[in-house]
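Visitor: I have a structure I would like to understand better, so I am pasting it below and will then ask my questions one at a time.
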Amino acid sequence: MQSCLPAGTVAPAADNRDQQPLPDTQRAEGAEGNHSCSPGGVSPTQSRGGPGPWGRGGGGIGARGGGDATTPPVWPEAGGGGTTRRRSCGSHSGGVQLQRSPLNMAAAQQPSAEAAAPLPPSGSGACSSSAPVPVLFCFSVFARPSSVPHNAGYEVLIQKFLSLYGDQLDMHRKFVVQLFSEEWSQYIDLPKGFLVSERCKVRLVPLQIQLTTLGNLTPSSTVFFCCDMQERFRPAIKYFGDIISVGQRLLQGARILGIPVIVTEQYPKGLGNTVQEIDLTGAKLVLPKTKFSMVLPEVETALAEIPGVRSIVLFGVETHVCIQQTALELVGRGLEVHIVADATSSRSMMDRMFALERLARTGIIVTTSEAILLQLIADKDHPKFKEIQNLIKASAPESGLLSKV
């Protein structure tokens, strides 16, 4: 008999009353592979009347997430294909302390056993693939394309960021991974349990903790930088004798409190060594340099060997050259910088004044030697209070430095 249905229409079964109902597991599998999309977006299916697609249940994905019974939303791949990816509720918004792990790094670079599994038969509704998934990894002003195994998770993304940007990351800071959302047209915190199943763009964002800009100092998280206090500068630098006196007081305080000291000397072959009045006993590093900034590879290595460094106390010469460039580089690496105004000078007081103003506008703390030492002990009952008190009994020289800050 000739059918009257329009061309391309599939005729329904003549009678389906004799068909047996599918078991629950098969119905669940069928529902999982057949989500429908409304014109305005996606209508994710929930298995137990839970909250909406970004509800608070926040479990994982499938058996891997260990989450609740809410089925995570299924988002169609751009271009209208049948491939889908899942996002679960919750996020890693608390940040992560980065740790280098050779084992995890290898996992980030090698496809996993799951990713290498063969593709399921066509039409099964599954989304797995053996091919690596392209991902754009963004950090700061950089964007570097790479790939990860299919269904790679949060830890693999972190290790991939380390492999791509490890030399630029401050390992003492916390970071959050964010995913670019087509729905919101902006980055969102990576959902908890997220697995990479299609091309995407992620970025690593350092958490900005505003409390560090208050300038709180503790001996365990502080390093002193003594910059280029050399003999040949003596006749040229304004109030050089005064900053030597204050610099020596700071170094004595560092020894009393067990604070590491890093010292540089600018082209000592021509400019001489650190002046004899400055006692460098116990300094962690005394380093010649030709670069104006103190932030040399050897200095960065030395800082990396000191756990928990957060603050740098910086003094020396010249304010508008080596001090300024050192301070800006340190701030760029996420460190808090304190410049000691009564231990820092230049040949020109105008250069010094405008350098300190510029640095203060960038959030660098301009302070004094006595304020630094008393902040480091913080309490009259500190076991080293008497020794620090003896250092500051005689006030710092009342030179023209502080009147021209």
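So you can find residues: chains in the structure tokens are A, B, ... in the order shown, residues in each start at 1, and ligands are numbered from 1 in order.
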Show me, as a tab-separated table, the residues of segment 208-270 of chain A having an atom within 12 Å of segment 349-357 of chain A, each with the closest atom pair and its distance in Å, using only C-alpha atoms.

Guide:
residue	atom	partner	partner_atom	distance
A:Ala236	CA	A:Met349	CA	11.6
A:Ile237	CA	A:Met349	CA	9.3
A:Lys238	CA	A:Met349	CA	7.3
A:Tyr239	CA	A:Met349	CA	10.0

Visitor: With N, CA and C atoms kept, could you save the residues just selected as an mmCIF file, in the first residue's frame?

Guide:
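Once everything was written out, this is part01.cif:
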data_model
loop_
_atom_site.group_PDB
_atom_site.id
_atom_site.type_symbol
_atom_site.label_atom_id
_atom_site.label_comp_id
_atom_site.auth_asym_id
_atom_site.auth_seq_id
_atom_site.Cartn_x
_atom_site.Cartn_y
_atom_site.Cartn_z
ATOM 1 N N ALA A 236 79.477 61.758 45.225
ATOM 2 C CA ALA A 236 78.445 62.206 44.281
ATOM 3 C C ALA A 236 77.028 62.158 44.853
ATOM 4 N N ILE A 237 76.752 61.217 45.744
ATOM 5 C CA ILE A 237 75.392 61.000 46.233
ATOM 6 C C ILE A 237 75.084 61.953 47.384
ATOM 7 N N LYS A 238 73.933 62.624 47.308
ATOM 8 C CA LYS A 238 73.523 63.536 48.370
ATOM 9 C C LYS A 238 73.298 62.770 49.671
ATOM 10 N N TYR A 239 73.829 63.328 50.773
ATOM 11 C CA TYR A 239 73.668 62.764 52.113
ATOM 12 C C TYR A 239 74.142 61.304 52.176
#

Visitor: Identify, on the basis of only C-alpha atoms, every residue whose closest approach to Thr301 of chain A does not exceed 12 Å; exclude the query and any residue fewer than 3 positions from it along the same chain; express the result as a list in words.

Guide: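 Surrounding residues, per the criterion: Asp167, Ile262, Lys284, Leu285, Val295, Leu296, Pro297, Glu298, Ala304, Glu305, Ile306 and Pro307 of chain A.
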
Visitor: Take the residues that were just selected and, keeping all heavy atoms, output them as a short mmCIF file (atom, residue, chain, number, x, y, z; two decimals), in the first residue's frame.

Guide:
data_model
loop_
_atom_site.label_atom_id
_atom_site.label_comp_id
_atom_site.auth_asym_id
_atom_site.auth_seq_id
_atom_site.Cartn_x
_atom_site.Cartn_y
_atom_site.Cartn_z
N ASP A 167 58.16 29.47 34.14
CA ASP A 167 59.21 30.44 34.45
C ASP A 167 58.65 31.82 34.75
O ASP A 167 59.38 32.71 35.21
CB ASP A 167 60.20 30.54 33.29
CG ASP A 167 59.53 30.91 31.97
OD1 ASP A 167 58.32 30.68 31.84
OD2 ASP A 167 60.22 31.44 31.08
N ILE A 262 70.34 40.42 50.89
CA ILE A 262 70.94 40.30 49.55
C ILE A 262 71.57 41.63 49.19
O ILE A 262 70.91 42.69 49.29
CB ILE A 262 69.89 39.85 48.52
CG1 ILE A 262 69.44 38.42 48.82
CG2 ILE A 262 70.45 39.95 47.11
CD1 ILE A 262 68.34 37.90 47.92
N LYS A 284 73.25 36.78 52.80
CA LYS A 284 72.98 35.56 52.04
C LYS A 284 73.67 35.59 50.68
O LYS A 284 74.14 34.56 50.18
CB LYS A 284 71.47 35.38 51.84
CG LYS A 284 71.08 34.12 51.07
CD LYS A 284 69.59 33.97 51.00
CE LYS A 284 69.21 32.71 50.21
NZ LYS A 284 69.65 31.47 50.88
N LEU A 285 73.78 36.77 50.08
CA LEU A 285 74.34 36.88 48.74
C LEU A 285 74.95 38.27 48.56
O LEU A 285 74.32 39.28 48.88
CB LEU A 285 73.24 36.65 47.70
CG LEU A 285 73.63 36.59 46.22
CD1 LEU A 285 74.50 35.36 45.96
CD2 LEU A 285 72.39 36.56 45.34
N VAL A 295 67.31 42.54 40.33
CA VAL A 295 66.62 41.27 40.07
C VAL A 295 67.37 40.52 38.97
O VAL A 295 67.03 40.57 37.78
CB VAL A 295 65.15 41.51 39.69
CG1 VAL A 295 64.42 40.18 39.53
CG2 VAL A 295 64.47 42.36 40.76
N LEU A 296 68.42 39.83 39.39
CA LEU A 296 69.24 39.00 38.51
C LEU A 296 68.84 37.54 38.68
O LEU A 296 68.19 37.18 39.67
CB LEU A 296 70.71 39.19 38.86
CG LEU A 296 71.24 40.63 38.85
CD1 LEU A 296 72.65 40.67 39.43
CD2 LEU A 296 71.21 41.21 37.45
N PRO A 297 69.23 36.66 37.76
CA PRO A 297 68.90 35.24 37.93
C PRO A 297 69.37 34.67 39.26
O PRO A 297 68.66 33.88 39.90
CB PRO A 297 69.63 34.58 36.74
CG PRO A 297 69.70 35.64 35.70
CD PRO A 297 69.87 36.93 36.45
N GLU A 298 70.56 35.07 39.71
CA GLU A 298 71.07 34.56 40.98
C GLU A 298 70.21 35.04 42.16
O GLU A 298 70.01 34.32 43.14
CB GLU A 298 72.52 35.02 41.20
CG GLU A 298 73.50 34.49 40.16
CD GLU A 298 73.64 35.40 38.96
OE1 GLU A 298 72.74 36.24 38.71
OE2 GLU A 298 74.66 35.27 38.24
N ALA A 304 63.92 32.10 45.67
CA ALA A 304 63.17 30.84 45.58
C ALA A 304 63.57 29.85 46.67
O ALA A 304 62.79 28.97 47.03
CB ALA A 304 63.38 30.22 44.20
N GLU A 305 64.78 30.00 47.20
CA GLU A 305 65.25 29.10 48.26
C GLU A 305 64.73 29.50 49.63
O GLU A 305 64.89 28.76 50.60
CB GLU A 305 66.78 29.09 48.28
CG GLU A 305 67.42 28.48 47.04
CD GLU A 305 68.92 28.67 47.00
OE1 GLU A 305 69.45 29.40 47.89
OE2 GLU A 305 69.57 28.10 46.11
N ILE A 306 64.12 30.68 49.73
CA ILE A 306 63.61 31.17 51.01
C ILE A 306 62.09 30.97 51.01
O ILE A 306 61.38 31.62 50.25
CB ILE A 306 63.95 32.66 51.21
CG1 ILE A 306 65.46 32.88 51.07
CG2 ILE A 306 63.46 33.14 52.57
CD1 ILE A 306 65.85 34.35 51.03
N PRO A 307 61.56 30.09 51.83
CA PRO A 307 60.12 29.80 51.80
C PRO A 307 59.29 30.97 52.31
O PRO A 307 59.64 31.62 53.29
CB PRO A 307 59.98 28.57 52.71
CG PRO A 307 61.16 28.64 53.63
CD PRO A 307 62.27 29.27 52.84
#

Visitor: Take atom CA of Gln325 of chain A and atom CA of Ser293 of chain A and report the distance between them in Å, one decimal.

Guide: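 We find that atom CA of Gln325 of chain A and atom CA of Ser293 of chain A lie 5.2 Å from each other.
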
Visitor: List the neighbours of Glu265 of chain A out to 7 Å using only C-alpha atoms; skip same-chain residues closer than 5 positions along the sequence, and give me the result as number ranges by chain.

Guide: A: 227-228, 230, 273-274, 287-289

Visitor: May I have the selected residues written with N, CA and C atoms, as a PDB file, in the first residue's frame?

Guide:
ATOM      1  N   CYS A 227      71.361  47.944  48.014  1.00  0.00           N
ATOM      2  CA  CYS A 227      71.686  48.178  46.607  1.00  0.00           C
ATOM      3  C   CYS A 227      72.847  49.171  46.430  1.00  0.00           C
ATOM      4  N   ASP A 228      73.986  48.650  46.004  1.00  0.00           N
ATOM      5  CA  ASP A 228      75.081  49.461  45.443  1.00  0.00           C
ATOM      6  C   ASP A 228      75.594  50.573  46.361  1.00  0.00           C
ATOM      7  N   GLN A 230      78.440  51.796  47.378  1.00  0.00           N
ATOM      8  CA  GLN A 230      79.844  51.615  47.018  1.00  0.00           C
ATOM      9  C   GLN A 230      80.672  52.892  47.190  1.00  0.00           C
ATOM     10  N   ASN A 273      83.974  48.377  45.829  1.00  0.00           N
ATOM     11  CA  ASN A 273      83.088  47.486  46.575  1.00  0.00           C
ATOM     12  C   ASN A 273      82.236  48.273  47.569  1.00  0.00           C
ATOM     13  N   THR A 274      81.393  47.544  48.287  1.00  0.00           N
ATOM     14  CA  THR A 274      80.554  48.165  49.316  1.00  0.00           C
ATOM     15  C   THR A 274      81.447  48.867  50.347  1.00  0.00           C
ATOM     16  N   LEU A 287      76.612  40.199  45.335  1.00  0.00           N
ATOM     17  CA  LEU A 287      76.682  39.888  43.914  1.00  0.00           C
ATOM     18  C   LEU A 287      77.084  41.109  43.095  1.00  0.00           C
ATOM     19  N   PRO A 288      78.117  40.990  42.241  1.00  0.00           N
ATOM     20  CA  PRO A 288      78.420  42.083  41.300  1.00  0.00           C
ATOM     21  C   PRO A 288      77.410  42.085  40.170  1.00  0.00           C
ATOM     22  N   LYS A 289      77.181  43.264  39.583  1.00  0.00           N
ATOM     23  CA  LYS A 289      76.212  43.350  38.487  1.00  0.00           C
ATOM     24  C   LYS A 289      76.565  44.506  37.558  1.00  0.00           C
TER      25      LYS A 289
END
